[in-house]
Amino acid sequence: MLQIDSPELAKLLLSGSFGLEKESLRTDEAGFLSHTPHPFMDNPNIVRDFCENQTEINTSVQPSAHAVVAELERHTRTIQKTLAKMTPREYLWPFSNPPYIRNEQDIPVAQFEGAQSGKTIYRNYLSKRYGRYKMTLSGIHVNYSFREELLRQDFQRSGQSSYIDYQNTLYLTLAKRVAAYGWILTAITAASPLLDSSYVEKERFDGDVFQGLASVRCSELGYWNAFAPIFDYSSLPAYVESIRDYVRRGWLKAPSELYYPVRLKPAGPNRLGALESGGVNHIELRMFDLNPLTSAGIDERDVSFAQLLLCWLAATPDQPFNDRDQVQAVQNFKNAAHYDLKTVNLMLPDGRAYSVAHAARNVITLMREFYCYYPAEVQQVLDFEEAKFIDGENRYAWQIRKAFSGGFVRKGLALARQQQEAGGAV
């Protein structure tokens with residue numbers, strides 16, 4: 001754990017680096033998925049995810065939540081302006097759940113050529129194993145790393161002999177703790193309570209479907225493997241080997257098929273070999289829904305809260321996290337994706353069960369105590385998040401269900417048009 005017991009280290013704690021990845025679907029003017037080729041081939045920050053009509057924005061590394069969200073918004077405006085000029089005009093779908101879908105052929109697998117053709121082959125494999133409908137569920141990944149000056153100073157005080165071993169152990173322990181407590185990030189950012197009926201019944205359009213969920217993609221209906229993975233957190237080689245073992249046994253085609261809310265990543269290309277040889281560079285949080293109530297797709301305060309959670313977890317004592325706890329952690333994430341968090345429980349590693357809302361307020365109370373000497377802005381972020389558990393009306397999912405029921409796609413398309421015009425694409 002980080003030893004934040006000196007003013008010098010405390011000042012450095014909240015000075016890390018951020019990166020965001022945002023997936024969004026392109027639609028036509030009627031609310032169906034676009035079938036045009038990816039129009040951003042010359043923009044390295046705007047790529048494709050699973051399907052040809054699913055844009056993915058990758059920001060650069062930024063020093064603050066404000067800066068990284070601002071960059072995300074700039075790239076989003078670039079997309080909006082390009083789509084507005086297309087004939088026929090297209091729109092950026094602002095929700096995690098997709099618009100109208102005719103059938104699986106309506107979801108064109110991203111087409112890569114030459115040396116990258118293996119990406120299309122892999123996507124075709126995912127299509128057969130999981131179905132293309134699930135692949136349309138879009139979201140945001142938050143990447144975070146601690147400031148090296150902070151880690152170097154803490155390393156010097158630790159008495160350890162190898163900085164890389166120290167850093168790997170710190171991030172491994174953090175990944176384990178996020179697996180135990182990261183459900184709170186699902187709960188605060190869940191924003192996809194409504195589906196169009198065409199997602200669950202072919203050729204049946206324009207019917208709202210609500211299944212008691214605040215986030216479909218993070219629920220039991222979303223992005224999960226058929227098994228609850230068990231990781232070996234004792235060392236980085238052991239952790240990497242526990243992932244490779246699932247590939248060897250045929251449970252995964254590749255490490256990238258491991259659909260887990262938390263990942264440890266190396267610098268550069270995300271490969272297990274690079275992680276093992278070069279060490280951990282940053283942690284990735286994969287449980288954020290698109291927030292259609294914001295132009296960027298994510299609220300800056302939610303990114304700030306993610307940083308506060310990571311720093312708090314890294315600076316507080318570790319706890320036991322056995323195999324049973326790891327299986328339970330997966331269920332906790334799924335439970336946190338429900339709509340009414342006062343009626344669904346989760347179980348923490350201490351063996352006690354709480355409603356998600358009650359457990360979340362307990363976590364935020366501990367964070368308040370930890371950050372009591374930090375600037376008022378920190379407490380304001382904690383106030384903003386705690387309000388979601390005091391009154392469900394403050395949650396994005398509740399607001400979205402209220403505003404977009406009675407025509408989810410039609411109303412969503414109207415919002416997409418408004419956002420395109422507001423982004424300067426007129």
# chains A, B, ... in the order shown; residues from 1 in each chain; ligands from 1
>>> residues_around(residues="Val69 (chain A)", least_positions_apart="4", cutoff="9 Å", atoms="only C-alpha atoms", output="NGL selection string")
:A and (19-20 or 59 or 64-65 or 73-74 or 296-300 or 303)
>>> write_last_selection(atoms="N, CA and C atoms", output="PDB file, in the first residue's frame")
ATOM      1  N   GLY A  19      -6.436   8.388 -19.273  1.00  0.00           N
ATOM      2  CA  GLY A  19      -6.738   8.165 -20.681  1.00  0.00           C
ATOM      3  C   GLY A  19      -8.127   7.567 -20.781  1.00  0.00           C
ATOM      4  N   LEU A  20      -8.862   7.919 -21.826  1.00  0.00           N
ATOM      5  CA  LEU A  20     -10.221   7.423 -22.009  1.00  0.00           C
ATOM      6  C   LEU A  20     -10.367   6.731 -23.355  1.00  0.00           C
ATOM      7  N   THR A  59      -8.181   8.741 -26.354  1.00  0.00           N
ATOM      8  CA  THR A  59      -7.528  10.009 -26.053  1.00  0.00           C
ATOM      9  C   THR A  59      -6.037   9.789 -25.818  1.00  0.00           C
ATOM     10  N   SER A  64      -5.223  15.297 -15.887  1.00  0.00           N
ATOM     11  CA  SER A  64      -6.360  15.519 -14.988  1.00  0.00           C
ATOM     12  C   SER A  64      -7.638  15.001 -15.623  1.00  0.00           C
ATOM     13  N   ALA A  65      -8.646  14.808 -14.773  1.00  0.00           N
ATOM     14  CA  ALA A  65      -9.952  14.394 -15.280  1.00  0.00           C
ATOM     15  C   ALA A  65     -10.521  15.466 -16.204  1.00  0.00           C
ATOM     16  N   GLU A  73     -14.206  15.297 -25.565  1.00  0.00           N
ATOM     17  CA  GLU A  73     -15.245  16.125 -26.167  1.00  0.00           C
ATOM     18  C   GLU A  73     -14.793  16.685 -27.512  1.00  0.00           C
ATOM     19  N   ARG A  74     -13.527  17.045 -27.624  1.00  0.00           N
ATOM     20  CA  ARG A  74     -13.012  17.558 -28.904  1.00  0.00           C
ATOM     21  C   ARG A  74     -13.109  16.498 -29.992  1.00  0.00           C
ATOM     22  N   ALA A 296     -19.875  14.853 -23.896  1.00  0.00           N
ATOM     23  CA  ALA A 296     -18.692  14.014 -24.070  1.00  0.00           C
ATOM     24  C   ALA A 296     -18.996  12.533 -23.904  1.00  0.00           C
ATOM     25  N   GLY A 297     -20.115  12.213 -23.234  1.00  0.00           N
ATOM     26  CA  GLY A 297     -20.457  10.824 -22.964  1.00  0.00           C
ATOM     27  C   GLY A 297     -20.040  10.357 -21.585  1.00  0.00           C
ATOM     28  N   ILE A 298     -19.419  11.248 -20.813  1.00  0.00           N
ATOM     29  CA  ILE A 298     -19.027  10.904 -19.445  1.00  0.00           C
ATOM     30  C   ILE A 298     -18.941  12.194 -18.641  1.00  0.00           C
ATOM     31  N   ASP A 299     -19.339  12.137 -17.384  1.00  0.00           N
ATOM     32  CA  ASP A 299     -19.275  13.294 -16.504  1.00  0.00           C
ATOM     33  C   ASP A 299     -17.894  13.353 -15.860  1.00  0.00           C
ATOM     34  N   GLU A 300     -17.288  14.519 -15.889  1.00  0.00           N
ATOM     35  CA  GLU A 300     -15.953  14.696 -15.330  1.00  0.00           C
ATOM     36  C   GLU A 300     -15.892  14.263 -13.865  1.00  0.00           C
ATOM     37  N   VAL A 303     -15.183  10.592 -13.486  1.00  0.00           N
ATOM     38  CA  VAL A 303     -13.765  10.277 -13.711  1.00  0.00           C
ATOM     39  C   VAL A 303     -12.957  10.643 -12.471  1.00  0.00           C
TER      40      VAL A 303
END
>>> residues_around(residues="region 33-35 of chain A", least_positions_apart="3", cutoff="12 Å", atoms="only C-alpha atoms", output="NGL selection string")
:A and (24-30 or 38-39 or 51-55 or 83 or 86-93 or 98-111 or 133 or 136 or 409 or 413)
>>> residues_around(residues="Phe389 (chain A)", least_positions_apart="3", cutoff="12 Å", atoms="only C-alpha atoms", output="ChimeraX atom specification")
/A:184,187-189,336,339-343,355-364,382-386,392-396,398
>>> write_last_selection(atoms="C-alpha atoms", output="JSON list (two decimals), in the first residue's frame")
[["chain", "number", "residue", "atom", "x", "y", "z"],
["A", 184, "ILE", "CA", -19.40, 1.13, -6.90],
["A", 187, "ALA", "CA", -23.48, 1.76, -9.67],
["A", 188, "ILE", "CA", -22.61, 5.44, -10.11],
["A", 189, "THR", "CA", -22.28, 5.38, -13.92],
["A", 336, "ALA", "CA", -24.60, -3.18, -8.91],
["A", 339, "TYR", "CA", -32.03, -0.39, -11.15],
["A", 340, "ASP", "CA", -33.11, -0.16, -7.51],
["A", 341, "LEU", "CA", -29.96, -0.54, -5.44],
["A", 342, "LYS", "CA", -31.83, -0.55, -2.15],
["A", 343, "THR", "CA", -33.45, -3.89, -2.99],
["A", 355, "SER", "CA", -27.76, -3.56, -0.05],
["A", 356, "VAL", "CA", -25.70, -1.97, -2.82],
["A", 357, "ALA", "CA", -26.89, 1.48, -1.77],
["A", 358, "HIS", "CA", -25.92, 0.88, 1.88],
["A", 359, "ALA", "CA", -22.52, -0.59, 0.98],
["A", 360, "ALA", "CA", -21.80, 2.32, -1.37],
["A", 361, "ARG", "CA", -22.54, 4.89, 1.32],
["A", 362, "ASN", "CA", -20.25, 2.99, 3.71],
["A", 363, "VAL", "CA", -17.45, 3.16, 1.15],
["A", 364, "ILE", "CA", -17.98, 6.87, 0.55],
["A", 382, "LEU", "CA", -18.10, 12.60, -2.93],
["A", 383, "ASP", "CA", -21.32, 14.56, -2.25],
["A", 384, "PHE", "CA", -22.30, 14.26, -5.90],
["A", 385, "GLU", "CA", -21.83, 10.49, -5.90],
["A", 386, "GLU", "CA", -23.40, 9.81, -2.51],
["A", 392, "GLY", "CA", -32.39, 6.94, -6.82],
["A", 393, "GLU", "CA", -33.76, 9.90, -8.79],
["A", 394, "ASN", "CA", -30.22, 11.27, -8.82],
["A", 395, "ARG", "CA", -28.91, 8.26, -10.78],
["A", 396, "TYR", "CA", -28.47, 8.58, -14.54],
["A", 398, "TRP", "CA", -33.52, 6.77, -13.37]]
>>> closest_residue(among="A:Ala376, A:Leu272, A:Leu150, A:Ile283", to="Lys11 (chain A)", atoms="only C-alpha atoms")
A:Leu150
>>> residues_around(residues="region 308-322 of chain A", least_positions_apart="4", cutoff="10 Å", atoms="only C-alpha atoms", output="PyMOL selection string")
chain A and resi 1-5+13-14+16+144-146+170-171+173-182+184-185+230-233+283+302-304+326-329+348-350+363-364+366-368+370-371+378+381-382
>>> atom_distance(atom1="CA of Arg132 (chain A)", atom2="CA of Val47 (chain A)")
18.7 Å
>>> select_by_dssp(residues="region 36-98 of chain A", states="helix (DSSP H, G or I)", output="PyMOL selection string")
chain A and resi 65-85
>>> write_last_selection(atoms="C-alpha atoms", output="mmCIF file, in the first residue's frame")
data_model
loop_
_atom_site.group_PDB
_atom_site.id
_atom_site.type_symbol
_atom_site.label_atom_id
_atom_site.label_comp_id
_atom_site.auth_asym_id
_atom_site.auth_seq_id
_atom_site.Cartn_x
_atom_site.Cartn_y
_atom_site.Cartn_z
ATOM 1 C CA ALA A 65 -9.952 14.394 -15.280
ATOM 2 C CA HIS A 66 -10.846 17.802 -16.666
ATOM 3 C CA ALA A 67 -8.216 17.659 -19.398
ATOM 4 C CA VAL A 68 -9.015 14.124 -20.520
ATOM 5 C CA VAL A 69 -12.777 14.754 -20.702
ATOM 6 C CA ALA A 70 -12.102 17.962 -22.627
ATOM 7 C CA GLU A 71 -10.039 16.010 -25.160
ATOM 8 C CA LEU A 72 -12.753 13.377 -25.422
ATOM 9 C CA GLU A 73 -15.245 16.125 -26.167
ATOM 10 C CA ARG A 74 -13.012 17.558 -28.904
ATOM 11 C CA HIS A 75 -12.802 14.186 -30.656
ATOM 12 C CA THR A 76 -16.554 13.753 -30.265
ATOM 13 C CA ARG A 77 -17.095 17.101 -31.996
ATOM 14 C CA THR A 78 -14.847 15.947 -34.836
ATOM 15 C CA ILE A 79 -17.060 12.893 -35.303
ATOM 16 C CA GLN A 80 -20.219 14.968 -35.147
ATOM 17 C CA LYS A 81 -19.012 17.389 -37.822
ATOM 18 C CA THR A 82 -17.971 14.566 -40.145
ATOM 19 C CA LEU A 83 -21.267 12.700 -39.774
ATOM 20 C CA ALA A 84 -23.242 15.888 -40.395
ATOM 21 C CA LYS A 85 -21.555 16.292 -43.794
#
